[in-house]
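One file, structure_19.cif, is given below (mmCIF, C-alpha atoms).
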data_run
#
loop_
_atom_site.label_atom_id
_atom_site.label_comp_id
_atom_site.auth_asym_id
_atom_site.auth_seq_id
_atom_site.Cartn_x
_atom_site.Cartn_y
_atom_site.Cartn_z
CA MET A 218 122.18 58.67 2.33
CA THR A 219 121.96 56.88 -1.00
CA VAL A 220 122.79 53.26 -1.71
CA LEU A 221 126.09 54.27 -3.28
CA GLU A 222 127.04 56.20 -0.13
CA GLN A 223 126.46 53.28 2.26
CA PRO A 224 129.52 52.15 4.24
CA GLY A 225 131.39 49.46 2.37
CA SER A 226 130.07 50.61 -0.98
CA SER A 227 132.53 50.30 -3.82
CA ARG A 228 131.75 53.92 -4.71
CA ASN A 229 131.84 56.72 -2.18
CA LYS A 230 130.59 60.29 -2.39
CA SER A 231 133.86 61.69 -3.72
CA SER A 232 133.78 59.35 -6.69
CA LEU A 233 130.16 60.01 -7.66
CA PRO A 234 129.72 61.77 -10.97
CA GLY A 235 128.29 65.28 -10.88
CA PRO A 236 124.98 66.19 -12.52
CA PRO A 237 124.86 66.71 -16.26
CA PRO A 238 125.89 70.20 -17.38
CA ASP A 239 122.33 71.11 -18.45
CA TRP A 240 120.74 70.63 -15.01
CA ARG A 241 120.80 74.31 -14.13
CA PRO A 242 117.65 76.47 -14.36
CA ARG A 243 116.76 77.70 -17.81
CA VAL A 244 116.44 81.27 -16.55
CA ASP A 245 117.89 83.45 -13.82
CA PRO A 246 115.39 83.23 -10.96
CA ALA A 247 116.10 86.68 -9.52
CA PRO A 248 114.03 88.73 -12.03
CA LEU A 249 111.07 86.37 -11.51
CA LEU A 250 110.73 87.07 -7.80
CA PRO A 251 107.97 89.44 -6.66
CA ASP A 252 108.57 92.55 -4.61
CA ALA A 253 108.68 92.18 -0.84
CA GLU A 254 105.61 94.44 -0.44
CA PRO A 255 102.47 94.69 -2.56
CA TYR A 256 102.78 97.23 -5.38
CA ARG A 257 100.71 100.37 -4.78
CA LEU A 258 99.96 103.61 -6.57
CA LEU A 259 97.17 105.31 -4.59
CA GLY A 260 98.57 107.33 -1.73
CA THR A 261 102.03 107.52 -3.31
CA PRO A 262 103.66 110.34 -5.34
CA ALA A 263 103.25 108.21 -8.48
CA ALA A 264 99.47 108.61 -8.23
CA ARG A 265 99.74 112.20 -9.44
CA GLY A 266 100.78 110.94 -12.87
CA LEU A 267 97.79 108.63 -13.31
CA ASP A 268 95.45 109.33 -16.22
CA ALA A 269 92.33 111.17 -15.02
CA ASP A 270 90.00 109.43 -17.48
CA LEU A 271 91.23 106.02 -16.37
CA LEU A 272 90.69 106.89 -12.71
CA LYS A 273 87.14 108.07 -13.39
CA ARG A 274 86.33 104.97 -15.43
CA LEU A 275 87.69 102.69 -12.72
CA TYR A 276 85.66 104.55 -10.11
CA ALA A 277 82.45 104.32 -12.11
CA GLU A 278 82.92 100.58 -12.61
CA LEU A 279 83.69 100.07 -8.91
CA VAL A 280 80.50 101.86 -7.88
CA ARG A 281 78.44 99.86 -10.38
CA GLY A 282 80.11 96.70 -9.15
CA ARG A 283 79.35 97.42 -5.50
CA ARG A 284 75.68 98.03 -6.34
CA TYR A 285 75.59 94.89 -8.48
CA ASN A 286 76.94 92.83 -5.58
CA ALA A 287 74.39 94.29 -3.19
CA GLN A 288 71.51 93.61 -5.56
CA ALA A 289 72.61 90.05 -6.31
CA THR A 290 72.92 89.37 -2.59
CA ALA A 291 69.39 90.70 -2.04
CA LEU A 292 68.06 88.48 -4.83
CA THR A 293 69.55 85.48 -3.06
CA ARG A 294 67.74 86.38 0.16
CA GLN A 295 64.52 86.69 -1.82
CA GLY A 296 64.94 83.21 -3.28
CA ARG A 297 65.63 84.42 -6.82
CA LEU A 298 69.17 83.00 -6.78
CA ALA A 299 70.13 79.61 -5.39
CA VAL A 300 73.47 80.96 -4.19
CA TYR A 301 75.64 84.03 -4.69
CA PRO A 302 79.37 84.28 -3.93
CA SER A 303 79.76 88.03 -3.43
CA SER A 304 82.87 89.90 -4.50
CA THR A 305 82.16 92.89 -2.24
CA GLY A 306 85.52 94.33 -1.23
CA GLN A 307 87.19 92.67 -4.22
CA GLU A 308 85.65 94.87 -6.91
CA ALA A 309 89.01 96.33 -7.92
CA CYS A 310 90.26 92.86 -8.90
CA GLN A 311 87.12 92.21 -10.92
CA VAL A 312 87.08 95.53 -12.74
CA ALA A 313 90.82 95.72 -13.42
CA ALA A 314 90.82 92.22 -14.90
CA ALA A 315 88.02 93.11 -17.30
CA LEU A 316 89.50 96.45 -18.38
CA ALA A 317 93.01 95.08 -18.93
CA LEU A 318 91.82 92.83 -21.78
CA GLU A 319 91.19 93.64 -25.43
CA ASP A 320 87.97 92.49 -27.10
CA ARG A 321 89.77 89.59 -28.79
CA ASP A 322 91.17 88.24 -25.51
CA TRP A 323 89.54 85.62 -23.29
CA LEU A 324 88.51 85.79 -19.63
CA PHE A 325 88.39 82.57 -17.60
CA PRO A 326 86.43 83.34 -14.42
CA SER A 327 85.78 81.39 -11.25
CA TYR A 328 82.36 81.21 -9.57
CA ARG A 329 83.04 84.48 -7.67
CA ASP A 330 83.90 86.46 -10.78
CA THR A 331 80.47 87.34 -12.19
CA LEU A 332 81.30 91.02 -11.73
CA ALA A 333 84.37 90.66 -13.95
CA ALA A 334 82.10 89.23 -16.64
CA VAL A 335 79.62 92.10 -16.21
CA ALA A 336 82.42 94.68 -16.32
CA ARG A 337 83.54 93.07 -19.57
CA GLY A 338 80.09 93.79 -21.02
CA LEU A 339 78.06 90.68 -20.23
CA ASP A 340 74.37 91.09 -19.42
CA PRO A 341 74.07 90.82 -15.59
CA VAL A 342 71.10 88.46 -15.88
CA GLN A 343 73.11 86.14 -18.12
CA ALA A 344 76.02 86.30 -15.68
CA LEU A 345 73.73 85.07 -12.87
CA THR A 346 71.85 82.40 -14.82
CA LEU A 347 74.12 79.57 -13.64
CA LEU A 348 73.71 80.64 -10.01
CA ARG A 349 69.96 80.72 -10.53
CA GLY A 350 70.05 77.11 -11.69
CA ASP A 351 68.48 77.75 -15.09
CA TRP A 352 71.28 76.77 -17.46
CA HIS A 353 74.78 75.32 -17.45
CA THR A 354 75.90 78.77 -18.60
CA GLY A 355 73.66 81.71 -19.30
CA TYR A 356 75.66 83.14 -22.20
CA ASP A 357 77.54 82.23 -25.35
CA PRO A 358 81.19 81.95 -24.25
CA HIS A 359 82.59 82.30 -27.76
CA ARG A 360 80.61 85.43 -28.53
CA HIS A 361 81.62 87.21 -25.33
CA ARG A 362 85.12 85.69 -25.04
CA ILE A 363 84.24 84.66 -21.49
CA ALA A 364 84.60 81.01 -20.53
CA PRO A 365 81.77 79.46 -18.47
CA LEU A 366 81.80 80.39 -14.80
CA CYS A 367 83.83 77.67 -13.10
CA THR A 368 82.48 76.21 -9.87
CA PRO A 369 85.12 73.49 -9.28
CA LEU A 370 88.27 75.08 -7.94
CA ALA A 371 90.96 75.96 -10.50
CA THR A 372 89.75 73.67 -13.30
CA GLN A 373 89.43 76.70 -15.57
CA LEU A 374 93.18 77.33 -15.42
CA PRO A 375 94.29 74.43 -17.68
CA HIS A 376 91.50 75.40 -20.07
CA ALA A 377 92.90 78.93 -20.24
CA VAL A 378 96.37 77.59 -20.96
CA GLY A 379 95.02 75.30 -23.67
CA LEU A 380 93.23 78.16 -25.40
CA ALA A 381 96.25 80.46 -25.10
CA HIS A 382 98.62 77.81 -26.43
CA ALA A 383 96.29 77.02 -29.34
CA ALA A 384 96.02 80.72 -30.19
CA ARG A 385 99.80 81.00 -30.20
CA LEU A 386 100.15 77.99 -32.51
CA LYS A 387 97.58 79.48 -34.89
CA GLY A 388 99.27 82.87 -34.83
CA ASP A 389 96.25 84.59 -33.26
CA ASP A 390 96.96 87.73 -31.24
CA VAL A 391 95.03 86.51 -28.19
CA VAL A 392 95.73 86.46 -24.44
CA ALA A 393 93.87 84.37 -21.84
CA LEU A 394 93.43 85.83 -18.36
CA ALA A 395 92.43 83.28 -15.71
CA MET A 396 91.10 84.26 -12.29
CA VAL A 397 91.35 82.08 -9.20
CA GLY A 398 91.14 82.43 -5.42
CA ASP A 399 93.85 81.69 -2.90
CA GLY A 400 92.20 78.35 -2.15
CA GLY A 401 92.48 77.35 -5.79
CA THR A 402 96.26 77.59 -5.63
CA SER A 403 96.27 74.41 -3.51
CA GLU A 404 94.67 72.41 -6.33
CA GLY A 405 96.60 70.22 -8.74
CA ASP A 406 95.01 72.08 -11.66
CA PHE A 407 96.86 75.21 -10.55
CA HIS A 408 100.21 73.42 -10.71
CA GLU A 409 99.48 71.76 -14.03
CA ALA A 410 98.29 74.99 -15.64
CA LEU A 411 101.27 77.08 -14.55
CA ASN A 412 103.76 74.38 -15.46
CA PHE A 413 102.38 73.90 -18.97
CA ALA A 414 101.99 77.65 -19.50
CA ALA A 415 105.61 78.31 -18.61
CA VAL A 416 107.03 75.42 -20.63
CA TRP A 417 104.96 76.37 -23.67
CA GLN A 418 105.40 80.13 -23.07
CA ALA A 419 101.65 80.43 -23.51
CA PRO A 420 100.17 83.95 -23.65
CA ALA A 421 98.34 83.56 -20.34
CA VAL A 422 97.96 85.68 -17.20
CA PHE A 423 96.99 84.17 -13.85
CA LEU A 424 95.31 86.48 -11.34
CA VAL A 425 95.12 85.09 -7.80
CA GLN A 426 92.66 87.02 -5.65
CA ASN A 427 94.04 86.37 -2.18
CA ASN A 428 91.04 87.29 -0.06
CA GLY A 429 92.40 85.63 3.06
CA PHE A 430 90.26 82.53 3.26
CA ALA A 431 89.44 79.40 1.29
CA ILE A 432 85.89 79.33 2.69
CA SER A 433 86.91 79.06 6.39
CA VAL A 434 90.57 78.02 5.94
CA PRO A 435 93.03 80.92 6.37
CA LEU A 436 95.93 81.17 3.96
CA ALA A 437 98.49 80.31 6.65
CA LYS A 438 96.96 76.84 6.96
CA GLN A 439 97.29 76.01 3.27
CA SER A 440 100.58 77.59 2.19
CA ALA A 441 103.92 78.30 3.85
CA ALA A 442 105.28 80.27 0.88
CA PRO A 443 106.46 83.88 1.48
CA SER A 444 103.59 84.85 -0.81
CA LEU A 445 101.53 83.08 -3.45
CA ALA A 446 103.32 85.21 -6.05
CA HIS A 447 106.57 83.48 -5.03
CA LYS A 448 105.21 80.25 -6.48
CA ALA A 449 105.82 81.73 -9.94
CA VAL A 450 109.59 81.29 -9.77
CA GLY A 451 109.19 77.54 -9.37
CA TYR A 452 107.53 77.41 -12.78
CA GLY A 453 109.83 79.84 -14.54
CA MET A 454 107.52 82.83 -14.88
CA PRO A 455 107.48 86.28 -13.24
CA GLY A 456 105.52 86.75 -10.04
CA ARG A 457 103.93 90.08 -9.14
CA LEU A 458 102.52 91.06 -5.75
CA VAL A 459 100.04 93.92 -5.82
CA ASP A 460 97.54 95.63 -3.54
CA GLY A 461 94.28 94.15 -4.81
CA ASN A 462 92.24 97.09 -3.48
CA ASP A 463 94.33 99.65 -5.37
CA ALA A 464 92.44 99.67 -8.68
CA PRO A 465 94.92 101.67 -10.78
CA ALA A 466 97.92 99.69 -9.47
CA LEU A 467 96.22 96.41 -10.28
CA HIS A 468 95.12 97.69 -13.69
CA GLU A 469 98.72 98.71 -14.47
CA VAL A 470 100.20 95.36 -13.41
CA LEU A 471 97.56 93.36 -15.29
CA THR A 472 97.90 95.48 -18.42
CA GLU A 473 101.69 95.05 -18.41
CA ALA A 474 101.30 91.27 -18.01
CA VAL A 475 98.75 91.08 -20.84
CA GLN A 476 100.99 93.12 -23.14
CA ARG A 477 104.01 91.01 -22.23
CA ALA A 478 102.10 87.83 -23.04
CA ARG A 479 100.89 89.30 -26.34
CA ARG A 480 104.47 90.13 -27.34
CA GLY A 481 105.51 86.51 -26.81
CA GLY A 482 107.01 87.01 -23.35
CA GLY A 483 105.06 84.17 -21.80
CA PRO A 484 102.83 83.93 -18.73
CA THR A 485 102.76 85.90 -15.48
CA LEU A 486 101.40 85.03 -12.04
CA ILE A 487 99.87 87.98 -10.18
CA GLU A 488 98.76 87.84 -6.55
CA ALA A 489 96.33 90.56 -5.54
CA ILE A 490 96.03 91.08 -1.77
CA THR A 491 92.37 91.82 -1.06
CA TYR A 492 89.61 90.75 1.34
CA ARG A 493 86.21 89.12 1.14
CA ILE A 494 84.05 91.49 3.18
CA GLU A 495 80.94 89.34 3.01
CA ALA A 496 80.62 85.63 3.73
CA HIS A 497 81.88 82.99 1.30
CA THR A 498 78.28 82.61 0.06
CA ASN A 499 74.84 83.12 1.56
CA ALA A 500 75.17 79.56 2.97
CA ASP A 501 78.27 80.46 5.03
CA ASP A 502 78.56 81.89 8.55
CA ALA A 503 81.81 83.84 8.42
CA THR A 504 81.57 84.84 12.10
CA ARG A 505 82.67 81.31 13.02
CA TYR A 506 86.20 81.83 11.69
CA ARG A 507 86.94 85.57 11.61
CA THR A 508 86.30 88.55 13.85
CA ASP A 509 84.29 91.70 13.26
CA ALA A 510 87.40 93.73 14.06
CA GLU A 511 89.27 92.07 11.18
CA VAL A 512 86.48 92.86 8.76
CA GLU A 513 86.27 96.47 9.92
CA ALA A 514 90.02 96.91 9.49
CA TRP A 515 89.67 95.91 5.85
CA ARG A 516 86.67 98.20 5.37
CA ALA A 517 89.09 101.05 6.07
CA HIS A 518 91.05 99.84 3.02
CA ASP A 519 87.97 99.73 0.80
CA PRO A 520 88.82 100.03 -2.95
CA ILE A 521 86.10 102.63 -3.57
CA ALA A 522 87.18 104.80 -0.64
CA LEU A 523 90.83 104.63 -1.72
CA LEU A 524 89.96 105.86 -5.19
CA GLU A 525 87.55 108.48 -3.89
CA ARG A 526 90.36 110.09 -1.88
CA GLU A 527 92.54 110.38 -4.97
CA LEU A 528 89.72 111.73 -7.14
CA THR A 529 88.74 114.27 -4.47
CA ALA A 530 92.32 115.44 -4.00
CA ARG A 531 92.60 116.08 -7.75
CA GLY A 532 89.20 117.75 -8.03
CA LEU A 533 87.84 114.98 -10.25
CA LEU A 534 85.02 113.77 -8.01
CA THR A 535 82.54 116.55 -8.78
CA ASP A 536 78.95 116.43 -7.56
CA GLU A 537 77.75 115.95 -11.13
CA PHE A 538 80.10 113.03 -11.79
CA ALA A 539 79.29 111.36 -8.46
CA ALA A 540 75.55 111.71 -9.04
CA ALA A 541 75.75 110.39 -12.60
CA THR A 542 77.81 107.42 -11.44
CA GLN A 543 75.34 106.60 -8.68
CA ASP A 544 72.37 106.96 -11.03
CA ASP A 545 73.97 104.57 -13.50
CA ALA A 546 74.54 102.03 -10.73
CA GLU A 547 70.92 102.30 -9.61
CA ARG A 548 69.67 101.78 -13.17
CA LEU A 549 71.75 98.61 -13.40
CA ALA A 550 70.31 97.35 -10.09
CA ALA A 551 66.72 98.21 -11.03
CA ASP A 552 67.01 96.46 -14.39
CA LEU A 553 68.61 93.40 -12.79
CA ARG A 554 65.95 93.32 -10.06
CA GLY A 555 63.09 93.67 -12.51
CA ARG A 556 64.22 90.98 -14.90
CA MET A 557 65.30 88.53 -12.20
CA ASN A 558 61.86 88.82 -10.57
CA GLN A 559 60.28 87.39 -13.71
CA ASP A 560 59.90 83.61 -13.72
CA PRO A 561 61.96 82.21 -16.60
CA VAL A 562 60.43 79.99 -19.26
CA LEU A 563 62.56 76.85 -19.26
CA ASP A 564 62.66 73.95 -21.69
CA PRO A 565 63.83 70.67 -20.11
CA MET A 566 65.26 69.65 -23.48
CA ASP A 567 67.89 72.36 -23.03
CA LEU A 568 69.69 69.85 -20.81
CA PHE A 569 71.11 68.40 -24.01
CA THR A 570 71.95 71.70 -25.72
CA HIS A 571 75.59 72.81 -26.02
CA VAL A 572 76.96 69.69 -24.28
CA PHE A 573 78.72 68.48 -27.43
CA ALA A 574 79.01 70.02 -30.88
CA GLU A 575 77.55 66.75 -32.19
CA GLN A 576 75.45 64.74 -29.77
CA THR A 577 76.68 61.30 -28.82
CA SER A 578 74.44 58.27 -29.25
CA GLN A 579 73.95 58.12 -25.48
CA LEU A 580 72.78 61.74 -25.37
CA ARG A 581 70.41 61.14 -28.27
CA ASP A 582 68.92 58.15 -26.46
CA GLN A 583 68.54 60.14 -23.23
CA ALA A 584 66.97 63.08 -25.10
CA ALA A 585 64.49 60.75 -26.80
CA GLN A 586 63.57 59.18 -23.46
CA LEU A 587 62.98 62.58 -21.86
CA ARG A 588 60.93 63.74 -24.83
CA ALA A 589 58.73 60.65 -24.57
CA GLU A 590 58.18 61.25 -20.85
CA LEU A 591 57.30 64.93 -21.44
CA ASP A 592 54.88 63.98 -24.22
CA ALA A 593 53.27 61.36 -21.97
CA GLU A 594 52.73 63.97 -19.25
CA GLN A 595 51.24 66.41 -21.76
CA THR A 596 48.75 63.95 -23.33
CA PRO A 597 46.59 63.28 -20.23
CA ALA A 598 46.39 66.99 -19.52
CA GLU A 599 45.12 67.67 -23.03
CA GLU A 600 42.59 64.79 -22.84
CA ALA A 601 41.18 66.17 -19.60
CA ARG A 602 40.22 69.46 -21.24
CA PRO A 603 36.50 69.78 -22.16
#

I need this file expressed as structure tokens, please.
Amino acid sequence: MTVLEQPGSSRNKSSLPGPPPDWRPRVDPAPLLPDAEPYRLLGTPAARGLDADLLKRLYAELVRGRRYNAQATALTRQGRLAVYPSSTGQEACQVAAALALEDRDWLFPSYRDTLAAVARGLDPVQALTLLRGDWHTGYDPHRHRIAPLCTPLATQLPHAVGLAHAARLKGDDVVALAMVGDGGTSEGDFHEALNFAAVWQAPAVFLVQNNGFAISVPLAKQSAAPSLAHKAVGYGMPGRLVDGNDAPALHEVLTEAVQRARRGGGPTLIEAITYRIEAHTNADDATRYRTDAEVEAWRAHDPIALLERELTARGLLTDEFAAATQDDAERLAADLRGRMNQDPVLDPMDLFTHVFAEQTSQLRDQAAQLRAELDAEQTPAEEARP
């Protein structure tokens, strides 16, 4: 009850003015709502019309991605990586995101999305440099059109919107695709990014990888929405719900969203239903909050196995193709293993590189202080030599 509706008020409800005529939503909400069930292609009649070359490329990237995840996890156990958030089980999300973009587009990954960067063409060693603790970022973001891997949850999303909006203002034909986990959708950055993107009609695509848990917190304890894709309608953009382990379905939905954004149709929010087979990171004990039976149920919906069944049914998974794909994955793993087992040569002065385009006076002072300390450590060592 408002003040004006209190008993004895000089104005009662019947005499209150109605809202201004422009209060209604700017768009019809119905077309923005996602489907009731995740969109699928594999295992449906529509799969027969899928391009054979695309299916084989997706399969090859999935197999490489699975081997990459296994090798990176092994490097963590060997002490060559400080931490590794595996995307095993989520490879379809990673690969489809990379393949849906053109070279001129930008990818904004989270900390779990190193495979997406590798599938986009980034050197695997450079993709893992941050997780090794060597550099802030192990690659040139502008050269590769891949923003730095983002460890804080969802902070890359406003950056993606800013880049997309700037590109639109400049007339550049560029789309930004931002990846985030289900946990990131509970952050304020998620809200701010989607709200600005929709108001500005920025050419941005948001891919939420709903892998069931924000570390140990299940989705049901952080959101009561029918789906995360339903959040899109509140911002005025389309929401799509898709099976995140169905690589061709996800590739189709992402490609349509990227093309729509490029045509000036504005942003799209896509929720991919997938599962994190391995623990959150090597520092996490997933058995404390989920059962082995749950994990095994999702292994039966493995993205590689789903695609293998389709390729086999169409006679596309020949022995020669399977062997060549596996050999390529092993070469990637061997190269990654060999180079990551070499101790890097690090320069402490790199702490001040690429922080600002032009160093601030404070950074210059700090750099000078560090240089003096390094020189002081070097001088006694040189004097001690015979």

Inset, instruction - Grab the atom CA of Tyr356 of chain A to atom CA of Val342 of chain A distance for me, in Å with one decimal place. - result: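 Distance between the two atoms: 9.4 Å.
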
Inset, instruction - Rank nothing, just name the residue among A:Leu339, A:Ile494, A:Ala309, A:Leu249 nearest to Arg507 of chain A, using all atoms listed in the file. - result: A:Ile494

Inset, instruction - With a distance cut-off of 9 Å and only C-alpha atoms, select the neighbouring residues of Leu445 of chain A, excluding the residue or stretch itself and same-chain residues fewer than 2 positions from it, and output the selection as JSON, numbers by chain. - result: {"A": [399, 402, 425, 427, 440, 442, 443, 447, 448, 449, 456, 458, 486, 487, 488]}

Inset, instruction - Could you state which residues are captured by the PyMOL selection byres ((chain A and resi 542) around 10) in this file, as a list in words? - result: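 This file gives the following for the PyMOL selection byres ((chain A and resi 542) around 10): Lys273, Arg274, Tyr276, Ala277, Glu278, Leu279, Val280, Arg281, Asp536, Glu537, Phe538, Ala539, Ala540, Ala541, Gln543, Asp544, Asp545, Ala546 and Glu547 of chain A.
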
Inset, instruction - Calculate how many Å separate atom CA of Arg516 of chain A from atom CA of Arg457 of chain A, rounding to one decimal. - result: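 About the pair atom CA of Arg516 of chain A and atom CA of Arg457 of chain A: they are 24.0 Å apart.
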